[in-house]
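Just below is one structure, and these are the notes that go with it.
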Amino acid sequence: MFNYKSLKRDHLIKFNILLLLILSSLSFKIERIAPVYPYKNPNLPIERRIADLIGRMTVKEKIAQLDMFSGKEIYGFKGHEATEYNEEITAKMMGNTGIGSIHDLYPGHIDIANKIQKFAVEKTRLGIPVLFIEEGLHGYSGKGSTSFPIPLELSSAWDTALVKRAGHVIAAEARAHGVHMILGPVLCLPHDPRWGRVEETYGEDPYLDALNGVAMIKGLQGKKLSDNDAVIAEPKHFAVHGIPEAGSNTAPVNIGMREARSTYLYVFEKAVREGGAMGIMAAYSEIDGIPCVDNKWLLTDVLRKEWGFKGFVLSDLGAIRMSLQNHSVATNTSDALSQTFNAGLNMQFYDFGHDDFVKAVTAAVRNKSLSMTQLNKIVADILRVKFMLGLFDHPYTNPALISEVFHTKANQDMALKAAREGICLLKNDQSVLPINNAGSIAVIGPLAESTYLGGYSNNEDIGISILDGLKQRAGNNVKISYEPGYQQDGKQTGLQDKAVELVKKSDVAVVVLGEEINMVGEGKDRAELDLSEQQMNLIKAIHATGKPVVVVLSNGRPLTINWVAKNIPSVLETWFGGEKNGLAVADVLLGNVNPSGKLPITFPRSVGQIPFYYNHKPTSSHRYVDEQNTPLFAFGHGLSYTTFEYSDMHISPAIIPVNGSTEVNVRIKNSGKAEGTEVAQLYIREEVSSVTTPIMALKGFSRINLKPGESKIVKFKIGAEHLSLWNREMKQVVEPGMFKIMVGSASDDIRLTDSLKVVSKLKGKEYIRRK
């Protein structure tokens, strides 16, 4: 008998089995084609995406994120940038694990960076994108980019809005080339000008440095890191790196914690808390016997726990290796790496070979000197930055961006504006400047032909020399003639005599002196800060002609130019002014632009005075039997072709509680005959305190442009941030007492003073007076 129910049951079972097989196969194919992991979901919070990705990574994949590769090393390209992509080399570099970052690639074509990124995203197991890192202290270091003045000259402008705009240009040009992170700004306070890297800094003052640093960071990082005009900023060198022993780069740093907190760390704190910096570079140096790369108090307790830093810390080039080979605080590579990663550092910078690096970190994990918890934590910091940059969701760069943002006319105009604002008129006796009635100008000195842009810049092809700038700006009615006057190697004789003869036939001489390229920059520390013997012989011979002489300084740090300052009527400090330097210098010399720059660093009279900075302690008197106790040119100094009067200083309220604030108003008038810009500076001195404090400290400044006879009120805000100190218990507090408020044109040119009273709390008549 036919069993219908049995047949139906058999068919149903077979059908279900077939359906399960189909669904299983389909599910397998879907998973293989497009697995949807939470870390790939752009709609989830970043921290959840990080946690999901960390949970899927092998130890080897995690270690790979802590490593940096060199574009030069991998691709072996010649010159400044890579021009060809090689899939085989890329595959060998990344394998199946991927890598953390690439530096020194400078892709000549954006498709190179995009192809490397495509391999990382599509052909490694988890598709973690690569972070491209390059230099950009005062311009993205790719060929042909916009080059701004060196940071020391940017700071000489005392114009933080300009610094922020420069940062934005650097970011936009870098990101258009596929770059995600710039190694800067440098926030060291160079209290020893013998140090070769002074040019990279914003000068000696913590307040000025902090404001410039925050401005640059905000310009670089933009409104949102995933935008096409934003990159990660990486303040360096953390920390207290600008006062190496004897001015020698990477030398030990000797300092107390109160001093460090009050000055050197303060600048970085502002960079993190206010600037929102997502990168930090740890310094080469040691503080009190502990290398900065191994300093847990510095990298974790202060930076992360106290300041709330959420980014990642990169080693300076080879700094971890120094712990093993120079500082001798590690027994082997694995020990050196476990120490630095436990301290809170995240990524090596060419410290150890890649295979050795993986083996050493793997060994540290196995022997538990580096826990899995700590490994996950330092990897998460790097991944966080990559997520914030939008690299997981939009890993490639649009090639069209380059033509839209790279070296545009607007960018070049901004570079020119920055160069003009940063020029400092140090001396102008007899009103030799501006040169507006000369029929002939003799331009003297080989530096007049230099197009050097400063350290960590692109090539000099786009730079305009001072000689060319004068030729372009002088017009047909002024004859511009040139003689070098000397040759650096001293082989050619008679050049000085030719220069002297030219000056005798000219109405005025412009002599360009300063530092040759081999005397300035990283690794070029100096024992003396004098001009070379050839330059001194030349300027003395030119001075002896009796013709009006202007010395134009081209240098990256303060120089001891005592003879020049005493004998030459006009001295102009122009630093290294970027691609438009020659035009900017010519504009100032010829009177097209009135100089407004102010020195962000003290010029000593001799190296025997070093360290010599304006905000020193009361007992730092600098008294010598063979030297004066004053600087050659003081911090904040800078003249104009006009004059300014200060009056009507008013502090309201004049009595405030420790948590209160006040406003200082000052009237400034242009009392001369030319339109000009003054930089008014406010300094504070606490008259009595529980710990020693500087004789004066900058706490406010304002650029103000005035026409002849015009006057305006300048306003300064003073609050707890400006009045606080680190007391004997190492707590940051505002102490009740009297504060001297000083306003003037420079630290040694105070025009007005008044007093501010700070009390524990207001009561009675004090309350009424405050109201």
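Ordering of the structure tokens sets the chain letters (A, B, ...), residue numbers begin anew at 1 in every chain, and ligands are numbered from 1 in the order given.
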At a cut-off of 8 Å, using only C-alpha atoms, what residues contact range 218-223 of chain A? Leave out same-chain residues fewer than 5 positions from it and give the result as JSON, numbers by chain.
{"A": [163, 164, 165, 166, 167, 168, 169, 170, 171, 229, 230, 231, 232, 233, 275, 276, 277]}
Counting only C-alpha atoms, which of A:Lys491, A:His241, A:Lys270, A:Arg258 gets nearest to Leu725 in chain A?
A:Arg258
Taking the DSSP secondary structure from the backbone, can you list the residues of range 269-479 of chain A that are strand (DSSP E or B), as number ranges by chain?
A: 279-282, 286-287, 290-291, 312-315, 347, 424-428, 440-444, 479
Serialized selection, N, CA, C and O atoms, as a JSON list (two decimals), in the first residue's frame:
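What follows is the written file result32.json:
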[["chain", "number", "residue", "atom", "x", "y", "z"],
["A", 279, "GLY", "N", 49.40, 63.98, 18.22],
["A", 279, "GLY", "CA", 50.69, 63.33, 18.12],
["A", 279, "GLY", "C", 51.68, 64.02, 19.05],
["A", 279, "GLY", "O", 51.52, 65.20, 19.37],
["A", 280, "ILE", "N", 52.67, 63.29, 19.49],
["A", 280, "ILE", "CA", 53.76, 63.83, 20.31],
["A", 280, "ILE", "C", 55.03, 63.08, 19.93],
["A", 280, "ILE", "O", 55.00, 61.87, 19.73],
["A", 281, "MET", "N", 56.15, 63.79, 19.84],
["A", 281, "MET", "CA", 57.44, 63.12, 19.63],
["A", 281, "MET", "C", 58.25, 63.20, 20.90],
["A", 281, "MET", "O", 58.48, 64.29, 21.43],
["A", 282, "ALA", "N", 58.69, 62.05, 21.39],
["A", 282, "ALA", "CA", 59.53, 62.00, 22.59],
["A", 282, "ALA", "C", 60.95, 62.39, 22.22],
["A", 282, "ALA", "O", 61.45, 62.05, 21.14],
["A", 286, "GLU", "N", 67.78, 63.03, 28.10],
["A", 286, "GLU", "CA", 67.41, 62.48, 29.41],
["A", 286, "GLU", "C", 67.12, 63.62, 30.37],
["A", 286, "GLU", "O", 67.68, 64.71, 30.24],
["A", 287, "ILE", "N", 66.23, 63.37, 31.30],
["A", 287, "ILE", "CA", 65.95, 64.32, 32.36],
["A", 287, "ILE", "C", 66.20, 63.62, 33.69],
["A", 287, "ILE", "O", 65.56, 62.62, 34.00],
["A", 290, "ILE", "N", 66.85, 59.81, 33.42],
["A", 290, "ILE", "CA", 65.89, 58.93, 32.75],
["A", 290, "ILE", "C", 65.65, 59.42, 31.32],
["A", 290, "ILE", "O", 65.19, 60.54, 31.13],
["A", 291, "PRO", "N", 65.96, 58.59, 30.32],
["A", 291, "PRO", "CA", 65.70, 59.00, 28.93],
["A", 291, "PRO", "C", 64.21, 59.32, 28.75],
["A", 291, "PRO", "O", 63.35, 58.62, 29.30],
["A", 312, "PHE", "N", 49.02, 59.37, 19.87],
["A", 312, "PHE", "CA", 50.12, 58.43, 20.07],
["A", 312, "PHE", "C", 51.46, 59.17, 20.09],
["A", 312, "PHE", "O", 51.59, 60.26, 19.53],
["A", 313, "VAL", "N", 52.43, 58.55, 20.76],
["A", 313, "VAL", "CA", 53.76, 59.13, 20.95],
["A", 313, "VAL", "C", 54.74, 58.40, 20.05],
["A", 313, "VAL", "O", 54.85, 57.17, 20.09],
["A", 314, "LEU", "N", 55.46, 59.18, 19.26],
["A", 314, "LEU", "CA", 56.46, 58.65, 18.35],
["A", 314, "LEU", "C", 57.85, 58.92, 18.92],
["A", 314, "LEU", "O", 58.09, 59.98, 19.50],
["A", 315, "SER", "N", 58.74, 57.97, 18.73],
["A", 315, "SER", "CA", 60.13, 58.20, 19.12],
["A", 315, "SER", "C", 60.77, 59.20, 18.18],
["A", 315, "SER", "O", 60.38, 59.30, 17.01],
["A", 347, "MET", "N", 55.40, 54.18, 18.96],
["A", 347, "MET", "CA", 55.94, 53.80, 17.65],
["A", 347, "MET", "C", 57.42, 54.12, 17.56],
["A", 347, "MET", "O", 57.84, 55.19, 17.97],
["A", 424, "CYS", "N", 62.82, 92.03, 11.66],
["A", 424, "CYS", "CA", 63.02, 92.89, 12.83],
["A", 424, "CYS", "C", 64.09, 93.96, 12.53],
["A", 424, "CYS", "O", 65.22, 93.62, 12.17],
["A", 425, "LEU", "N", 63.71, 95.20, 12.70],
["A", 425, "LEU", "CA", 64.67, 96.30, 12.58],
["A", 425, "LEU", "C", 65.36, 96.48, 13.93],
["A", 425, "LEU", "O", 64.76, 96.96, 14.89],
["A", 426, "LEU", "N", 66.62, 96.08, 14.01],
["A", 426, "LEU", "CA", 67.34, 96.10, 15.28],
["A", 426, "LEU", "C", 67.96, 97.46, 15.59],
["A", 426, "LEU", "O", 68.08, 97.85, 16.75],
["A", 427, "LYS", "N", 68.34, 98.19, 14.55],
["A", 427, "LYS", "CA", 69.00, 99.49, 14.74],
["A", 427, "LYS", "C", 68.77, 100.35, 13.50],
["A", 427, "LYS", "O", 68.78, 99.83, 12.38],
["A", 428, "ASN", "N", 68.57, 101.64, 13.69],
["A", 428, "ASN", "CA", 68.39, 102.52, 12.54],
["A", 428, "ASN", "C", 68.83, 103.94, 12.88],
["A", 428, "ASN", "O", 68.06, 104.90, 12.76],
["A", 440, "SER", "N", 71.80, 104.40, -6.64],
["A", 440, "SER", "CA", 72.54, 103.15, -6.83],
["A", 440, "SER", "C", 72.75, 102.46, -5.49],
["A", 440, "SER", "O", 73.03, 103.10, -4.48],
["A", 441, "ILE", "N", 72.58, 101.14, -5.48],
["A", 441, "ILE", "CA", 72.74, 100.34, -4.27],
["A", 441, "ILE", "C", 73.75, 99.24, -4.56],
["A", 441, "ILE", "O", 73.60, 98.48, -5.53],
["A", 442, "ALA", "N", 74.77, 99.15, -3.72],
["A", 442, "ALA", "CA", 75.74, 98.06, -3.81],
["A", 442, "ALA", "C", 75.29, 96.94, -2.87],
["A", 442, "ALA", "O", 75.17, 97.16, -1.67],
["A", 443, "VAL", "N", 75.05, 95.78, -3.41],
["A", 443, "VAL", "CA", 74.66, 94.61, -2.62],
["A", 443, "VAL", "C", 75.89, 93.73, -2.46],
["A", 443, "VAL", "O", 76.48, 93.30, -3.45],
["A", 444, "ILE", "N", 76.27, 93.48, -1.22],
["A", 444, "ILE", "CA", 77.55, 92.83, -0.93],
["A", 444, "ILE", "C", 77.32, 91.57, -0.09],
["A", 444, "ILE", "O", 76.51, 91.56, 0.84],
["A", 479, "LYS", "N", 69.93, 101.67, -9.66],
["A", 479, "LYS", "CA", 70.87, 100.69, -10.17],
["A", 479, "LYS", "C", 71.29, 99.74, -9.04],
["A", 479, "LYS", "O", 71.78, 100.18, -8.01]]
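Using only C-alpha atoms, the smallest distance between any of A:Cys292, A:Ala176, A:Val405, A:Ala113 and Thr340 in chain A comes from A:Cys292.
If only C-alpha atoms are the atoms counted, then among A:Ser554, A:Val432, A:Ser690, A:Gln534 the closest residue to Leu589 in chain A is A:Val432.
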